[in-house]
Amino acid sequence: QKEVEQNSGPLSVPEGAIASLNCTYSDRVSQSFFWYRQYSGKSPELIMSIYSNGDKEDGRFTAQLNKASQYVSLLIRDSQPSDSATYLCAVKENTGFQKLVFGTGTRLLVSP
Amino acid sequence: AAGVIQSPRHLIKEKRETATLKCYPISRHDTVYWYQQGPGQDPQFLISFYEKMQSDKGSIPDRFSAQQFSDYHSELNMSSLELGDSALYFCASSFRGPNEKLFFGSGTQLSVL
């Protein structure tokens, strides 16, 4: 079983709608959680980080973390066609020098 | 501020050749990570360095080696290249701490023919 699981999609939403992206992880000691956006052939771009349970909002993006359920999500409000990309969930331990482990990503398609 | 710089952007090699990829981290970042991403795959961790010492090792083949130099730039050396090594290679840098965030370079697209 992969350490970080995401639905590969594609997730299709119309412009202006809310896109909801989900991620589950298996390692209970994971402490840092990230969402990266990646356009085809480009590098991952950090869009959100979250470290404690609850919601964290930044503009049109809201990250939600539930450590008891080992679940992290990303909501994108007022989705735009330019949001069409692959969204990678990544988790990291805070103990020692731990690598960032990525999920396989969810492809989001926002139609005009 | 300048981001993570990687060179070259594209590299074409033949089987059994060697390749060297370079990474220049963000100023004052003390940690460098190397990732490999195949087509349609998620980034796979290869190796990381903290303060010029190897800090963690992932699925890096024995044919690959890496180091971090005194100016904090890092190089990934790849020998006896195989067709399966064709991928995007990303370098990321960070400043180690409780809320460490990784920032990625634009990557090097390696094609092995």
# chains A, B, ... in the order shown; residues from 1 in each chain; ligands from 1
$ closest_atom_pairs --of "chain A" --to "chain B" --cutoff "12 Å" --atoms "only C-alpha atoms" --output "Markdown table"
| residue | atom | partner | partner_atom | distance |
| --- | --- | --- | --- | --- |
| A:Lys2 | CA | B:Asp42 | CA | 11.4 |
| A:Val4 | CA | B:Asp42 | CA | 10.6 |
| A:Glu5 | CA | B:Asp42 | CA | 11.1 |
| A:Gln6 | CA | B:Asp42 | CA | 10.8 |
| A:Ser8 | CA | B:Gly40 | CA | 10.1 |
| A:Gln31 | CA | B:Pro98 | CA | 9.2 |
| A:Ser32 | CA | B:Asn99 | CA | 7.2 |
| A:Phe33 | CA | B:Lys101 | CA | 9.6 |
| A:Phe34 | CA | B:Lys101 | CA | 8.4 |
| A:Trp35 | CA | B:Lys101 | CA | 10.9 |
| A:Tyr36 | CA | B:Phe103 | CA | 9.9 |
| A:Arg37 | CA | B:Phe104 | CA | 11.3 |
| A:Gln38 | CA | B:Asp42 | CA | 10.3 |
| A:Tyr39 | CA | B:Ser106 | CA | 11.3 |
| A:Ser40 | CA | B:Gly40 | CA | 9.2 |
| A:Gly41 | CA | B:Leu88 | CA | 8.0 |
| A:Lys42 | CA | B:Ser106 | CA | 6.3 |
| A:Ser43 | CA | B:Ser106 | CA | 5.1 |
| A:Pro44 | CA | B:Phe104 | CA | 6.3 |
| A:Glu45 | CA | B:Phe104 | CA | 7.0 |
| A:Leu46 | CA | B:Phe103 | CA | 6.9 |
| A:Ile47 | CA | B:Phe103 | CA | 10.5 |
| A:Met48 | CA | B:Lys101 | CA | 9.9 |
| A:Ser49 | CA | B:Lys101 | CA | 7.9 |
| A:Ile50 | CA | B:Asn99 | CA | 9.0 |
| A:Tyr51 | CA | B:Asn99 | CA | 7.7 |
| A:Ser52 | CA | B:Asn99 | CA | 11.0 |
| A:Thr86 | CA | B:Gly40 | CA | 10.0 |
| A:Tyr87 | CA | B:Asp42 | CA | 10.3 |
| A:Leu88 | CA | B:Asp42 | CA | 7.8 |
| A:Cys89 | CA | B:Asp42 | CA | 9.8 |
| A:Ala90 | CA | B:Pro43 | CA | 10.0 |
| A:Val91 | CA | B:Lys101 | CA | 10.8 |
| A:Lys92 | CA | B:Glu100 | CA | 9.2 |
| A:Glu93 | CA | B:Pro98 | CA | 9.6 |
| A:Asn94 | CA | B:Pro98 | CA | 6.3 |
| A:Thr95 | CA | B:Pro98 | CA | 9.0 |
| A:Gly96 | CA | B:Ser55 | CA | 8.8 |
| A:Phe97 | CA | B:Ser55 | CA | 6.1 |
| A:Gln98 | CA | B:Asp56 | CA | 6.9 |
| A:Lys99 | CA | B:Phe45 | CA | 7.0 |
| A:Leu100 | CA | B:Phe45 | CA | 7.5 |
| A:Val101 | CA | B:Phe45 | CA | 7.4 |
| A:Phe102 | CA | B:Asp42 | CA | 6.4 |
| A:Gly103 | CA | B:Asp42 | CA | 6.4 |
| A:Thr104 | CA | B:Asp42 | CA | 4.7 |
| A:Gly105 | CA | B:Asp42 | CA | 6.7 |
| A:Thr106 | CA | B:Asp42 | CA | 10.3 |
| A:Arg107 | CA | B:Gly40 | CA | 10.4 |
$ select_by_dssp --residues "chain B" --states "strand (DSSP E)" --output "ChimeraX atom specification"
/B:5-7,10-13,19-24,31-37,44-50,53-57,64-68,74-78,87-94,103-104,108-112
$ atom_distance --atom1 "atom CA of B:Ile60" --atom2 "atom CA of B:Gln36"
9.1 Å
$ atom_distance --atom1 "atom CA of B:Gln68" --atom2 "atom CA of B:Ala19"
16.4 Å
$ residues_around --residues "A:Arg60" --least-positions-apart "2" --cutoff "9 Å" --atoms "only C-alpha atoms" --output "PDB file with C-alpha atoms, in the first residue's frame"
ATOM      1  CA  GLU A  57      -7.482  29.216   4.298  1.00  0.00           C
ATOM      2  CA  ASP A  58      -5.379  31.109   1.768  1.00  0.00           C
ATOM      3  CA  THR A  62      -8.617  25.824   1.970  1.00  0.00           C
ATOM      4  CA  LEU A  75     -10.821  22.851  -1.481  1.00  0.00           C
ATOM      5  CA  ILE A  76     -10.549  25.253  -4.389  1.00  0.00           C
ATOM      6  CA  ARG A  77     -13.341  27.806  -4.485  1.00  0.00           C
ATOM      7  CA  ASP A  78     -14.434  29.618  -7.644  1.00  0.00           C
ATOM      8  CA  SER A  79     -12.423  27.201  -9.783  1.00  0.00           C
TER       9      SER A  79
END
$ residues_around --residues "B:Ile12" --least-positions-apart "2" --cutoff "10 Å" --atoms "only C-alpha atoms" --output "short mmCIF file (atom, residue, chain, number, x, y, z; two decimals) with N, CA, C and O atoms, in the first residue's frame"
data_model
loop_
_atom_site.label_atom_id
_atom_site.label_comp_id
_atom_site.auth_asym_id
_atom_site.auth_seq_id
_atom_site.Cartn_x
_atom_site.Cartn_y
_atom_site.Cartn_z
N HIS B 10 17.36 20.48 -20.39
CA HIS B 10 17.14 19.26 -21.17
C HIS B 10 18.49 18.59 -21.41
O HIS B 10 19.50 19.27 -21.60
N GLU B 14 22.91 8.77 -24.62
CA GLU B 14 22.72 7.42 -25.12
C GLU B 14 22.97 6.43 -23.98
O GLU B 14 23.59 6.77 -22.97
N ALA B 19 25.84 11.20 -17.06
CA ALA B 19 25.22 12.52 -17.04
C ALA B 19 25.43 13.15 -15.69
O ALA B 19 25.49 12.45 -14.66
N SER B 86 15.19 7.66 -18.23
CA SER B 86 14.55 8.83 -18.85
C SER B 86 13.44 9.32 -17.93
O SER B 86 12.50 8.57 -17.62
N GLN B 109 14.99 17.56 -17.80
CA GLN B 109 14.38 16.46 -18.55
C GLN B 109 15.50 15.65 -19.17
O GLN B 109 16.21 16.13 -20.06
N LEU B 110 15.68 14.43 -18.69
CA LEU B 110 16.71 13.55 -19.22
C LEU B 110 16.07 12.53 -20.16
O LEU B 110 15.11 11.85 -19.78
N SER B 111 16.60 12.46 -21.34
CA SER B 111 16.15 11.46 -22.31
C SER B 111 17.32 10.57 -22.65
O SER B 111 18.37 11.05 -23.09
N VAL B 112 17.16 9.27 -22.45
CA VAL B 112 18.20 8.29 -22.76
C VAL B 112 17.75 7.51 -23.98
O VAL B 112 16.67 6.90 -23.98
N LEU B 113 18.56 7.58 -25.04
CA LEU B 113 18.17 6.95 -26.30
C LEU B 113 18.89 5.63 -26.51
O LEU B 113 19.98 5.42 -25.99
#
$ residues_around --residues "B:Pro25" --least-positions-apart "5" --cutoff "8 Å" --atoms "only C-alpha atoms" --output "NGL selection string"
:B and (3-5 or 32 or 72-73 or 92-94)
$ write_last_selection --atoms "C-alpha atoms" --output "compact mmCIF listing (two decimals), in the first residue's frame"
# COMPACT_ATOMS: atom_id res chain seq x y z
CA GLY B 3 14.33 30.21 -6.81
CA VAL B 4 16.02 26.85 -7.11
CA ILE B 5 18.10 26.76 -10.27
CA VAL B 32 18.74 19.81 -0.90
CA TYR B 72 25.54 24.35 -1.07
CA HIS B 73 25.00 23.52 -4.71
CA ALA B 92 14.22 20.97 -4.14
CA SER B 93 15.69 23.05 -1.37
CA SER B 94 14.54 24.01 2.09
